[in-house]
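K.L.:
Next up, data21.cif (mmCIF, C-alpha atoms).
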```cif
data_start
#
loop_
_atom_site.label_atom_id
_atom_site.label_comp_id
_atom_site.auth_asym_id
_atom_site.auth_seq_id
_atom_site.Cartn_x
_atom_site.Cartn_y
_atom_site.Cartn_z
CA MET Q 1 -99.50 78.49 125.16
CA ARG Q 2 -96.33 80.60 125.26
CA LEU Q 3 -98.01 83.79 124.08
CA LEU Q 4 -101.00 83.22 126.35
CA LYS Q 5 -98.78 82.64 129.38
CA ARG Q 6 -96.75 85.75 128.61
CA PHE Q 7 -99.93 87.78 128.19
CA LEU Q 8 -101.26 86.65 131.57
CA ARG Q 9 -97.92 87.24 133.29
CA ASP Q 10 -97.53 90.73 131.79
CA LEU Q 11 -100.90 91.73 133.23
CA GLY Q 12 -100.09 90.39 136.69
CA SER Q 13 -102.63 87.58 136.43
CA LYS Q 14 -102.54 84.35 138.40
CA TYR Q 15 -105.30 82.81 136.28
CA LYS Q 16 -104.51 79.27 135.19
CA PRO Q 17 -106.95 78.11 132.52
CA SER Q 18 -107.71 74.38 132.55
CA ASP Q 19 -107.87 71.93 129.65
CA VAL Q 20 -106.65 74.48 127.10
CA VAL Q 21 -107.19 73.35 123.51
CA ASN Q 22 -106.16 74.89 120.21
CA ILE Q 23 -108.76 75.08 117.46
CA ASN Q 24 -107.72 76.94 114.31
CA ASN Q 25 -105.16 78.96 116.28
CA LYS Q 26 -107.78 79.93 118.86
CA ARG Q 27 -107.38 78.90 122.48
CA PHE Q 28 -110.23 77.56 124.61
CA ALA Q 29 -110.44 76.45 128.23
CA SER Q 30 -112.96 74.32 130.14
CA THR Q 31 -113.86 72.52 126.96
CA LEU Q 32 -117.24 70.84 126.74
CA ALA Q 33 -118.22 67.26 125.94
CA PRO Q 34 -121.34 67.10 123.77
CA PRO Q 35 -123.65 64.18 124.59
CA VAL Q 36 -123.32 62.94 121.02
CA GLU Q 37 -120.11 62.89 119.02
CA ILE Q 38 -120.27 65.80 116.60
CA PRO Q 39 -117.57 66.63 114.04
CA GLU Q 40 -116.04 69.92 112.90
CA LEU Q 41 -115.66 71.65 116.23
CA VAL Q 42 -114.87 75.37 115.82
CA TYR Q 43 -115.59 76.75 119.31
CA THR Q 44 -115.98 75.28 122.80
CA GLY Q 45 -116.30 76.38 126.39
CA THR Q 46 -114.40 79.45 127.51
CA TYR Q 47 -112.85 81.27 124.56
CA LEU Q 48 -109.54 82.76 125.68
CA GLY Q 49 -108.28 84.41 122.51
CA GLN Q 50 -105.99 83.78 119.60
CA ASN Q 51 -102.35 83.97 118.65
CA ARG Q 52 -101.47 86.73 116.24
CA GLN Q 53 -98.33 88.86 116.48
CA ARG Q 54 -99.08 88.84 120.18
CA PHE Q 55 -101.83 87.04 122.09
CA GLU Q 56 -105.14 88.69 121.32
CA PRO Q 57 -107.53 88.13 124.25
CA SER Q 58 -111.24 87.42 123.99
CA SER Q 59 -113.67 89.73 125.73
CA ILE Q 60 -114.44 86.77 128.00
CA LEU Q 61 -110.81 86.52 129.14
CA LEU Q 62 -110.60 90.29 129.57
CA GLN Q 63 -113.58 90.19 131.92
CA ILE Q 64 -112.09 87.27 133.89
CA LEU Q 65 -108.88 89.27 134.32
CA ALA Q 66 -110.76 92.46 135.16
CA GLU Q 67 -112.32 90.70 138.15
CA GLU Q 68 -108.99 89.32 139.36
CA PRO Q 69 -107.52 91.42 142.23
CA SER Q 70 -103.89 90.98 141.20
CA THR Q 71 -104.12 92.28 137.62
CA HIS Q 72 -102.88 95.71 136.60
CA LYS Q 73 -105.69 98.12 135.78
CA VAL Q 74 -106.34 101.72 134.96
CA TYR Q 75 -109.79 103.22 135.42
CA VAL Q 76 -111.21 105.80 133.05
CA ASP Q 77 -114.49 107.63 132.51
CA ARG Q 78 -117.11 106.74 129.92
CA ASP Q 79 -115.90 109.21 127.28
CA THR Q 80 -112.34 107.98 127.51
CA ALA Q 81 -113.56 104.37 127.43
CA TRP Q 82 -115.42 105.11 124.21
CA LEU Q 83 -112.33 106.69 122.62
CA PHE Q 84 -110.35 103.62 123.64
CA VAL Q 85 -112.94 101.34 122.05
CA VAL Q 86 -112.52 103.14 118.73
CA GLY Q 87 -108.79 102.49 118.88
CA LYS Q 88 -107.38 105.58 120.61
CA ASP Q 89 -104.76 105.59 123.36
CA VAL Q 90 -105.54 106.75 126.90
CA PHE Q 91 -103.70 109.90 128.04
CA ASP Q 92 -102.35 109.84 131.56
CA GLU Q 93 -104.49 112.84 132.55
CA ASN Q 94 -107.62 110.84 131.70
CA ILE Q 95 -106.77 108.01 134.08
CA ILE Q 96 -109.02 108.36 137.12
CA ASP Q 97 -107.42 105.62 139.18
CA ARG Q 98 -104.91 102.82 138.81
CA THR Q 99 -103.83 99.70 140.68
CA ALA Q 100 -100.41 99.36 142.28
CA GLY Q 101 -98.92 97.22 139.51
CA VAL Q 102 -99.26 99.82 136.77
CA ARG Q 103 -95.81 101.11 135.82
CA LEU Q 104 -94.13 102.63 132.78
CA GLY Q 105 -93.26 99.98 130.22
CA GLY Q 106 -95.80 97.54 131.69
CA TYR Q 107 -99.19 96.33 130.55
CA CYS Q 108 -102.60 97.12 132.01
CA LEU Q 109 -106.31 96.54 131.50
CA VAL Q 110 -108.51 99.54 130.76
CA ARG Q 111 -111.66 99.62 132.86
CA PHE Q 112 -114.72 101.79 133.17
CA GLY Q 113 -116.68 100.78 136.26
CA GLU Q 114 -116.90 96.99 136.39
CA ASP Q 115 -116.30 96.49 132.69
CA CYS Q 116 -113.08 95.90 130.81
CA PHE Q 117 -112.63 97.49 127.40
CA GLY Q 118 -109.25 96.09 126.44
CA TYR Q 119 -105.65 96.42 127.39
CA GLY Q 120 -102.59 98.42 126.50
CA ARG Q 121 -99.00 99.27 127.30
CA TYR Q 122 -98.34 102.15 129.64
CA GLY Q 123 -95.51 104.16 128.11
CA THR Q 124 -94.52 107.53 126.69
CA ARG Q 125 -95.38 109.14 123.39
CA ARG Q 126 -93.72 112.47 122.57
CA ASP Q 127 -93.00 112.98 126.27
CA LEU Q 128 -96.62 112.28 127.21
CA LYS Q 129 -97.56 109.27 129.26
CA VAL Q 130 -100.24 107.15 127.57
CA VAL Q 131 -101.76 103.70 127.68
CA LYS Q 132 -101.12 102.62 124.12
CA ASN Q 133 -104.13 100.67 122.84
CA LEU Q 134 -103.09 97.09 122.01
CA PHE Q 135 -106.55 95.55 121.92
CA ASP Q 136 -110.10 96.76 122.58
CA ILE Q 137 -113.61 95.33 122.35
CA GLY Q 138 -114.38 97.52 119.33
CA ASP Q 139 -112.76 94.57 117.58
CA PHE Q 140 -116.26 93.03 117.37
CA LEU Q 141 -117.21 95.79 114.92
CA ARG Q 142 -114.01 95.46 112.90
CA ARG Q 143 -114.59 91.71 112.43
CA GLU Q 144 -117.97 92.21 110.74
CA MET B 145 -151.42 88.49 99.39
CA GLU B 146 -154.55 86.80 98.08
CA ARG B 147 -153.20 83.52 99.35
CA TYR B 148 -152.90 84.89 102.89
CA ARG B 149 -156.33 86.49 102.74
CA ALA B 150 -157.81 83.14 101.74
CA MET B 151 -156.39 81.81 105.01
CA GLY B 152 -158.33 84.46 106.90
CA SER B 153 -155.68 87.13 107.30
CA THR B 154 -156.22 90.85 106.91
CA LEU B 155 -152.68 91.64 105.76
CA SER B 156 -152.17 94.73 103.61
CA GLY B 157 -148.64 93.99 102.41
CA ASP B 158 -147.31 97.20 103.96
CA GLU B 159 -146.54 95.73 107.36
CA THR B 160 -143.21 96.51 108.99
CA THR B 161 -141.47 95.50 112.17
CA SER B 162 -139.71 97.75 114.69
CA GLN B 163 -136.16 97.32 115.82
CA ALA B 164 -136.01 95.45 119.11
CA ILE B 165 -133.35 94.52 121.62
CA ARG B 166 -133.09 91.64 124.05
CA VAL B 167 -131.32 92.25 127.36
CA ASN B 168 -128.69 89.68 128.28
CA PRO B 169 -129.29 88.73 131.94
CA LEU B 170 -125.88 87.04 132.05
CA ARG B 171 -124.31 90.51 131.87
CA THR B 172 -126.82 93.00 133.29
CA LYS B 173 -130.35 93.61 134.53
CA ASP B 174 -133.20 94.98 132.43
CA GLU B 175 -133.73 98.05 134.62
CA LYS B 176 -130.05 98.92 134.72
CA LEU B 177 -129.63 98.73 130.95
CA VAL B 178 -132.82 100.68 130.28
CA GLU B 179 -131.62 103.39 132.64
CA THR B 180 -128.19 103.58 130.97
CA LEU B 181 -129.58 103.70 127.44
CA THR B 182 -132.31 106.16 128.40
CA GLU B 183 -129.66 108.51 129.79
CA GLN B 184 -128.09 108.42 126.33
CA GLY B 185 -131.34 109.40 124.63
CA VAL B 186 -132.57 105.96 123.60
CA GLU B 187 -136.31 105.50 123.87
CA LEU B 188 -137.38 101.97 124.71
CA GLU B 189 -140.70 100.29 125.38
CA LYS B 190 -141.07 96.94 127.13
CA ILE B 191 -142.60 94.26 124.94
CA PRO B 192 -145.21 92.79 127.30
CA CYS B 193 -145.12 89.21 126.03
CA LEU B 194 -141.34 88.85 126.18
CA ASP B 195 -139.17 88.26 129.24
CA HIS B 196 -136.32 90.60 128.24
CA GLY B 197 -137.48 92.23 125.00
CA PHE B 198 -137.73 95.98 124.37
CA LYS B 199 -139.00 97.78 121.30
CA VAL B 200 -136.74 100.61 120.13
CA ILE B 201 -138.87 103.71 119.68
CA ASP B 202 -135.95 106.02 118.92
CA SER B 203 -132.18 106.07 119.23
CA PRO B 204 -129.72 108.87 118.46
CA PHE B 205 -127.04 106.32 117.51
CA SER B 206 -126.71 102.85 116.06
CA LEU B 207 -127.61 100.32 118.72
CA GLY B 208 -125.35 97.81 117.01
CA ALA B 209 -122.26 99.84 117.91
CA SER B 210 -122.74 101.13 121.44
CA ILE B 211 -120.50 100.40 124.41
CA GLU B 212 -123.28 98.36 126.00
CA TYR B 213 -123.72 96.31 122.83
CA LEU B 214 -119.99 95.59 122.64
CA LEU B 215 -120.04 94.56 126.30
CA GLY B 216 -122.78 92.03 125.54
CA TYR B 217 -125.42 93.75 127.65
CA TYR B 218 -127.99 93.29 124.90
CA SER B 219 -128.49 91.89 121.42
CA LEU B 220 -130.47 93.18 118.49
CA GLN B 221 -133.21 90.63 117.93
CA GLU B 222 -136.52 91.05 116.18
CA THR B 223 -139.55 90.69 118.45
CA ALA B 224 -141.02 87.51 116.98
CA SER B 225 -137.68 85.75 116.88
CA GLN B 226 -137.30 86.25 120.64
CA TYR B 227 -140.34 84.06 121.26
CA PRO B 228 -139.17 80.51 120.30
CA VAL B 229 -136.47 80.20 122.99
CA GLN B 230 -138.81 81.72 125.55
CA ALA B 231 -141.39 79.07 124.60
CA LEU B 232 -138.75 76.33 124.81
CA GLN B 233 -137.67 77.42 128.33
CA PRO B 234 -134.20 75.84 128.44
CA ARG B 235 -132.95 75.07 131.95
CA GLN B 236 -129.58 74.73 133.63
CA GLU B 237 -129.56 70.94 133.46
CA ASP B 238 -130.43 70.76 129.75
CA ARG B 239 -128.39 69.38 126.89
CA LEU B 240 -129.65 71.59 124.10
CA LEU B 241 -129.06 71.21 120.38
CA ASP B 242 -129.46 74.33 118.23
CA MET B 243 -129.72 72.86 114.75
CA ALA B 244 -129.45 76.01 112.61
CA SER B 245 -127.73 78.36 114.98
CA ALA B 246 -126.30 81.18 112.85
CA PRO B 247 -126.12 84.06 113.57
CA GLY B 248 -126.46 83.00 117.19
CA GLY B 249 -129.18 85.26 118.62
CA LYS B 250 -131.26 82.34 119.83
CA THR B 251 -128.15 80.46 120.97
CA THR B 252 -127.14 83.26 123.31
CA GLN B 253 -130.74 83.67 124.44
CA ALA B 254 -130.88 79.96 125.32
CA ALA B 255 -127.58 80.27 127.21
CA ALA B 256 -129.09 83.06 129.27
CA TYR B 257 -132.11 80.92 130.21
CA MET B 258 -129.67 78.16 131.19
CA GLN B 259 -127.64 80.66 133.26
CA ASP B 260 -124.63 79.59 131.22
CA LYS B 261 -124.86 76.06 132.69
CA GLY B 262 -125.65 72.71 131.04
CA ILE B 263 -124.49 72.46 127.46
CA ILE B 264 -125.57 73.92 124.14
CA VAL B 265 -124.39 72.33 120.93
CA ALA B 266 -124.82 74.89 118.16
CA VAL B 267 -124.38 73.78 114.58
CA ASP B 268 -124.77 75.38 111.19
CA ILE B 269 -123.99 74.43 107.63
CA ASN B 270 -122.83 77.92 106.63
CA ARG B 271 -119.30 78.69 107.80
CA ASP B 272 -119.48 82.43 107.08
CA ARG B 273 -122.64 82.85 109.13
CA LEU B 274 -121.20 80.66 111.88
CA PHE B 275 -118.52 83.29 112.52
CA ALA B 276 -121.38 85.51 113.68
CA THR B 277 -122.48 82.81 116.13
CA GLU B 278 -118.94 82.63 117.51
CA ASN B 279 -118.76 86.42 117.89
CA ASN B 280 -122.17 86.62 119.56
CA VAL B 281 -121.38 83.81 121.98
CA GLU B 282 -118.13 85.53 122.93
CA ARG B 283 -119.66 89.01 123.14
CA CYS B 284 -122.47 87.80 125.41
CA GLY B 285 -120.00 86.10 127.75
CA VAL B 286 -121.36 82.60 127.09
CA THR B 287 -119.18 79.62 128.05
CA ASN B 288 -121.57 76.65 127.90
CA THR B 289 -121.62 76.37 124.11
CA SER B 290 -119.87 74.10 121.66
CA ILE B 291 -120.07 75.27 118.04
CA HIS B 292 -119.71 72.97 115.04
CA HIS B 293 -119.55 73.64 111.32
CA VAL B 294 -121.65 70.75 110.10
CA ASP B 295 -124.84 70.04 108.24
CA SER B 296 -127.46 69.06 110.84
CA LEU B 297 -128.66 66.30 108.54
CA GLU B 298 -125.25 64.64 108.89
CA LEU B 299 -125.41 64.40 112.68
CA PRO B 300 -125.49 60.84 114.03
CA ASP B 301 -128.89 59.34 114.79
CA LYS B 302 -128.27 59.00 118.50
CA GLU B 303 -130.46 60.15 121.36
CA GLY B 304 -128.59 62.49 123.66
CA PHE B 305 -130.34 65.83 123.93
CA THR B 306 -133.08 66.93 126.31
CA LYS B 307 -134.12 69.82 124.08
CA VAL B 308 -133.74 70.68 120.40
CA LEU B 309 -134.25 74.10 118.90
CA LEU B 310 -135.00 73.90 115.19
CA ASP B 311 -135.39 77.42 113.87
CA ALA B 312 -135.56 75.97 110.43
CA PRO B 313 -134.19 77.40 107.20
CA CYS B 314 -137.31 78.75 105.49
CA SER B 315 -138.67 80.96 102.75
CA GLY B 316 -138.77 84.02 105.00
CA ASN B 317 -141.45 86.65 104.67
CA TYR B 318 -142.11 89.98 103.01
CA VAL B 319 -141.88 92.04 106.21
CA THR B 320 -138.12 91.61 106.44
CA ASP B 321 -137.50 91.26 102.70
CA ASN B 322 -139.15 93.83 100.45
CA GLN B 323 -138.25 91.80 97.35
CA TRP B 324 -139.81 88.68 98.79
CA PHE B 325 -142.71 88.36 96.33
CA LYS B 326 -140.36 88.76 93.36
CA ARG B 327 -137.78 86.40 94.75
CA ARG B 328 -139.83 83.47 96.00
CA THR B 329 -141.68 80.78 94.08
CA ARG B 330 -144.01 77.96 95.08
CA GLU B 331 -141.17 75.57 94.24
CA ASP B 332 -138.95 77.27 96.85
CA ILE B 333 -141.63 76.82 99.45
CA GLU B 334 -142.15 73.17 98.62
CA ARG B 335 -138.40 72.52 98.56
CA ASN B 336 -138.01 74.17 101.97
CA ALA B 337 -140.94 72.20 103.37
CA GLU B 338 -139.27 68.95 102.34
CA LEU B 339 -135.94 69.99 103.90
CA GLN B 340 -137.77 70.97 107.08
CA LYS B 341 -139.39 67.53 107.32
CA ARG B 342 -135.95 65.91 107.09
CA LEU B 343 -134.62 68.25 109.77
CA ILE B 344 -137.58 67.49 112.04
CA THR B 345 -136.91 63.76 111.70
CA LYS B 346 -133.23 64.32 112.50
CA ALA B 347 -134.16 66.42 115.52
CA LEU B 348 -136.39 63.67 116.89
CA ASN B 349 -133.67 61.06 116.33
CA LEU B 350 -131.33 63.14 118.51
CA LEU B 351 -133.86 63.78 121.28
CA GLU B 352 -134.30 61.59 124.33
CA SER B 353 -137.77 60.26 125.09
CA GLY B 354 -139.58 63.01 126.93
CA GLY B 355 -137.34 65.56 125.27
CA VAL B 356 -138.75 68.72 123.76
CA LEU B 357 -138.50 69.93 120.17
CA LEU B 358 -139.19 73.58 119.45
CA TYR B 359 -139.82 74.14 115.75
CA SER B 360 -140.07 77.63 114.30
CA THR B 361 -139.90 79.42 110.98
CA CYS B 362 -140.15 83.03 109.88
CA SER B 363 -142.41 81.94 107.02
CA LEU B 364 -146.11 82.60 106.55
CA GLU B 365 -146.52 79.63 104.24
CA PRO B 366 -148.66 76.78 105.65
CA GLU B 367 -146.56 74.18 103.82
CA GLU B 368 -143.63 75.12 106.08
CA ASN B 369 -145.76 75.47 109.18
CA GLU B 370 -149.11 73.84 109.93
CA GLN B 371 -148.80 71.25 107.15
CA ASN B 372 -145.37 70.21 108.41
CA ILE B 373 -146.79 69.80 111.91
CA GLN B 374 -149.65 67.72 110.48
CA TRP B 375 -147.03 65.54 108.80
CA LEU B 376 -145.09 65.36 112.09
CA LEU B 377 -148.16 64.18 114.00
CA GLU B 378 -148.89 61.55 111.36
CA ASN B 379 -145.35 60.21 111.15
CA HIS B 380 -143.80 60.47 114.61
CA ASP B 381 -144.81 59.65 118.16
CA VAL B 382 -145.01 63.13 119.64
CA GLU B 383 -147.39 65.19 121.74
CA LEU B 384 -148.08 68.80 120.85
CA VAL B 385 -147.75 71.31 123.67
CA GLU B 386 -150.23 74.17 123.84
CA LEU B 387 -148.47 77.51 123.60
CA ASP B 388 -149.81 80.78 124.88
CA GLY B 389 -148.30 84.18 124.41
CA PRO B 390 -148.15 86.30 121.27
CA GLY B 391 -149.68 85.43 117.93
CA ASP B 392 -152.82 83.56 116.98
CA PRO B 393 -153.60 79.86 117.33
CA ALA B 394 -152.25 78.20 114.19
CA LEU B 395 -154.61 77.32 111.35
CA THR B 396 -156.50 74.03 111.37
CA ASN B 397 -158.28 74.54 108.09
CA ILE B 398 -156.31 75.61 105.05
CA ASN B 399 -158.15 76.15 101.79
CA GLY B 400 -160.85 73.68 102.80
CA ILE B 401 -158.43 71.02 104.07
CA SER B 402 -158.92 70.15 107.72
CA LEU B 403 -155.89 69.51 109.89
CA ASP B 404 -155.59 68.01 113.35
CA GLN B 405 -157.35 70.37 115.75
CA LYS B 406 -154.38 70.25 118.12
CA ILE B 407 -152.37 72.21 115.59
CA SER B 408 -154.15 75.23 117.02
CA TYR B 409 -151.77 74.75 120.00
CA CYS B 410 -149.03 76.22 117.80
CA ARG B 411 -148.72 79.98 117.31
CA ARG B 412 -148.89 81.87 114.03
CA PHE B 413 -147.73 85.49 113.88
CA TRP B 414 -149.72 87.51 111.39
CA PRO B 415 -147.66 90.73 110.98
CA ASP B 416 -150.68 93.06 110.95
CA LYS B 417 -151.81 91.72 114.32
CA THR B 418 -148.47 91.29 116.10
CA GLY B 419 -146.55 94.20 114.57
CA THR B 420 -143.72 91.75 113.91
CA GLN B 421 -142.45 89.76 111.00
CA GLY B 422 -144.36 86.63 110.05
CA PHE B 423 -143.56 83.70 112.32
CA PHE B 424 -144.66 80.24 113.34
CA VAL B 425 -143.81 78.31 116.51
CA ALA B 426 -144.62 74.71 117.49
CA LYS B 427 -143.54 72.74 120.56
CA VAL B 428 -143.69 68.96 120.82
CA VAL B 429 -142.63 66.35 123.34
CA LYS B 430 -141.12 63.13 122.03
CA GLN B 431 -142.95 60.11 123.47
#
```
Please render this file's structure as structure tokens.

P.N.:
Amino acid sequence: MRLLKRFLRDLGSKYKPSDVVNINNKRFASTLAPPVEIPELVYTGTYLGQNRQRFEPSSILLQILAEEPSTHKVYVDRDTAWLFVVGKDVFDENIIDRTAGVRLGGYCLVRFGEDCFGYGRYGTRRDLKVVKNLFDIGDFLRRE
Amino acid sequence: MERYRAMGSTLSGDETTSQAIRVNPLRTKDEKLVETLTEQGVELEKIPCLDHGFKVIDSPFSLGASIEYLLGYYSLQETASQYPVQALQPRQEDRLLDMASAPGGKTTQAAAYMQDKGIIVAVDINRDRLFATENNVERCGVTNTSIHHVDSLELPDKEGFTKVLLDAPCSGNYVTDNQWFKRRTREDIERNAELQKRLITKALNLLESGGVLLYSTCSLEPEENEQNIQWLLENHDVELVELDGPGDPALTNINGISLDQKISYCRRFWPDKTGTQGFFVAKVVKQ
């Protein structure tokens, strides 16, 4: 829970997942009760993400956070969103809009329209401000 | 091919199936997605018999790697395989068991019909393929599903589900496997048919009275289809439901052997007529 809590706090979230369970290092909320007892559970309810070096969010959690008013967000166009999805960072000049909580050294979600593509750390790289890609939904392709 | 022709088909053996997508109404609307993909040069055609299915006429990029795919706006799902869940019509209040869920296309489709309410229990014996179910459930934004790595045959015999989807392990068909005729033997077909009977029995043991079992295969072999339904009618207290929609009425006479006439309520997909892979769908209500 420590990494998950830190992840939520870093993004300015007030989301408090209920009934969080750990299955094979993956975290789930709002777990379900099947009508018949069935063994070998591997996935249940709302998948939040998993602990790796840092907490790696699910796309479901990213979307929950994207809809939360208090979270830190930057908005980009479709081309930039696509580059982010293939693992690239977002240059400051490609940020169309941002919420008040976005500050250097902090974390933010990367959004195009209503959709969330991942999150990163807003910092500097060779004197350029960038959102360094920490996780993006292109991960679905890398898993296969 | 002779075997199929003896059943009345006009198959040539050269049949193919087009790529198709299924829009995920949990994440977007059909019109909105079609508009977005069309703007990117994708040519789609609505499949009339399906609620959210579109045939892919042309695409300048891989539809399995687009932004919209990653966001769960649609799934790649062959036309015929979109039909079973549509025929089952899961609802919000259902407790649905998906007995052979991997890779999860039908699981996420069922979740969409249920508007992500109720509960789906998705199981599969193959752990590697079950990872795909997990990924698809996550990608499509589904939260009403519990996934278990277990052999369906080892589930307890306890009534608890209102609906069961048994898209049974089967021999497949030559449309999606060009080595099919070299790879498959009559023994495979008979072995699969026996396994399917055991799975059907298990499904009925888990269903409440009045519950619905949807049985499907992507096989053209009558042993795995009509003959299994004949066995089901002879050995269990069920009522067949008449299905409309794509495909032909299932066969009631196979090589001179007459089956229950109600088996025509089931649907058989001959690839030359439907433009899909081979498929079979049956729906029964447990009495």

K.L.:
Excluding same-chain residues fewer than 5 positions from Phe205 (chain B), what lies within 10 Å of it counting all atoms listed in the file, as a list in words?

P.N.:
Gln184, Gly185, Val186 and Ser210 of chain B

K.L.:
Taking the file as shown, find all residues satisfying the PyMOL selection byres ((chain B and resi 308) around 8) and write them as an MDAnalysis selection string.

P.N.:
chainID B and resid 240:243 305:307 309:310 347 351 355:358

K.L.:
Excluding same-chain residues fewer than 2 positions from region 335-337 of chain B, what lies within 6 Å of it counting all atoms listed in the file, as an mmCIF file with C-alpha atoms, in the frame of the given file?

P.N.:
```cif
data_model
loop_
_atom_site.group_PDB
_atom_site.id
_atom_site.type_symbol
_atom_site.label_atom_id
_atom_site.label_comp_id
_atom_site.auth_asym_id
_atom_site.auth_seq_id
_atom_site.Cartn_x
_atom_site.Cartn_y
_atom_site.Cartn_z
ATOM 1 C CA CYS B 314 -137.310 78.750 105.490
ATOM 2 C CA GLU B 331 -141.170 75.570 94.240
ATOM 3 C CA ASP B 332 -138.950 77.270 96.850
ATOM 4 C CA ILE B 333 -141.630 76.820 99.450
ATOM 5 C CA LEU B 339 -135.940 69.990 103.900
ATOM 6 C CA GLN B 340 -137.770 70.970 107.080
ATOM 7 C CA GLU B 367 -146.560 74.180 103.820
ATOM 8 C CA GLU B 368 -143.630 75.120 106.080
#
```

K.L.:
Using only C-alpha atoms, find all polymer residues with an atom at most 6 Å away from the point (-139.8, 80.3, 112.8); report them as an MDAnalysis selection string.

P.N.:
chainID B and resid 311 360:362 423:425

K.L.:
Give the residues of chain B that lie within 6 Å of chain Q; count only C-alpha atoms, and format the answer as a list in words.

P.N.:
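Residues satisfying the distance criterion: Gly285, Thr287, Asn288, Thr289, Ser290, Ile291, His292, His293 and Gly304 of chain B.
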
K.L.:
Here's the selection I'm unsure about, the PyMOL selection byres ((chain Q and resi 104-106) around 7); applied to the file above, which residues does it give, as an mmCIF file with C-alpha atoms, in the coordinates of the input?

P.N.:
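So expr.cif came out as:
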```
data_model
loop_
_atom_site.group_PDB
_atom_site.id
_atom_site.type_symbol
_atom_site.label_atom_id
_atom_site.label_comp_id
_atom_site.auth_asym_id
_atom_site.auth_seq_id
_atom_site.Cartn_x
_atom_site.Cartn_y
_atom_site.Cartn_z
ATOM 1 C CA VAL Q 102 -99.260 99.820 136.770
ATOM 2 C CA ARG Q 103 -95.810 101.110 135.820
ATOM 3 C CA TYR Q 107 -99.190 96.330 130.550
ATOM 4 C CA CYS Q 108 -102.600 97.120 132.010
ATOM 5 C CA ARG Q 121 -99.000 99.270 127.300
ATOM 6 C CA TYR Q 122 -98.340 102.150 129.640
ATOM 7 C CA GLY Q 123 -95.510 104.160 128.110
#
```

K.L.:
Evaluated on this file, the PyMOL selection byres ((chain Q and resi 6) around 12) picks out some residues - which ones are they, written as a list in words?

P.N.:
Met1, Arg2, Leu3, Leu4, Lys5, Phe7, Leu8, Arg9, Asp10, Leu11, Gly12, Ser13, Lys14, Tyr15, Asn51, Arg54, Phe55, Glu56, Pro57 and Tyr107 of chain Q

K.L.:
State, in Å with one decimal place, the distance from CA of Leu65 (chain Q) to CA of Leu274 (chain B).

P.N.:
27.0 Å

K.L.:
Mind pulling up the distance from CA of Gln50 (chain Q) to CA of Lys129 (chain Q)?

P.N.:
28.5 Å

K.L.:
Would you kindly return, as a ChimeraX atom specification, each protein, DNA or RNA residue with an atom no farther than 8 Å from any atom of region 72-76 of chain Q, considering all atoms listed in the file and excluding same-chain residues fewer than 6 positions away?

P.N.:
/Q:11-12,66,94-102,107-113

K.L.:
The selected residues should be written to file as a CSV table (one decimal), keeping the file's coordinate frame (atoms: C-alpha atoms).

P.N.:
```csv
chain,number,residue,atom,x,y,z
Q,11,LEU,CA,-100.9,91.7,133.2
Q,12,GLY,CA,-100.1,90.4,136.7
Q,66,ALA,CA,-110.8,92.5,135.2
Q,94,ASN,CA,-107.6,110.8,131.7
Q,95,ILE,CA,-106.8,108.0,134.1
Q,96,ILE,CA,-109.0,108.4,137.1
Q,97,ASP,CA,-107.4,105.6,139.2
Q,98,ARG,CA,-104.9,102.8,138.8
Q,99,THR,CA,-103.8,99.7,140.7
Q,100,ALA,CA,-100.4,99.4,142.3
Q,101,GLY,CA,-98.9,97.2,139.5
Q,102,VAL,CA,-99.3,99.8,136.8
Q,107,TYR,CA,-99.2,96.3,130.6
Q,108,CYS,CA,-102.6,97.1,132.0
Q,109,LEU,CA,-106.3,96.5,131.5
Q,110,VAL,CA,-108.5,99.5,130.8
Q,111,ARG,CA,-111.7,99.6,132.9
Q,112,PHE,CA,-114.7,101.8,133.2
Q,113,GLY,CA,-116.7,100.8,136.3
```

K.L.:
Looking at only C-alpha atoms, which of Q:Arg125, Q:Pro17, Q:Tyr119, Q:Lys26 is the one that sits closest to Gly87 (chain Q)?

P.N.:
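Closest residue, counting only C-alpha atoms: Q:Tyr119.
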
K.L.:
Rounded to one decimal, what separation in Å do you get between CA of Lys346 (chain B) and CA of Asp301 (chain B)?

P.N.:
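A separation of 7.0 Å between them.
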
K.L.:
Find the residues around Thr320 (chain B) up to 10 Å (all atoms listed in the file counted), leave out those fewer than 2 positions away in its own chain, and share them as a list of chain:residue names.

P.N.:
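The residues that qualify are B:Glu159, B:Thr160, B:Thr161, B:Glu222, B:Gly316, B:Asn317, B:Tyr318, B:Asn322, B:Gln323, B:Trp324, B:Cys362, B:Thr420, B:Gln421, B:Gly422.
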
K.L.:
Considering only C-alpha atoms, can you say which of Q:Val20, Q:Leu62, Q:Val90, Q:Val130 comes closest to Gly118 (chain Q)?

P.N.:
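Ranked by minimum distance to Gly118 (chain Q), first place goes to Q:Leu62.
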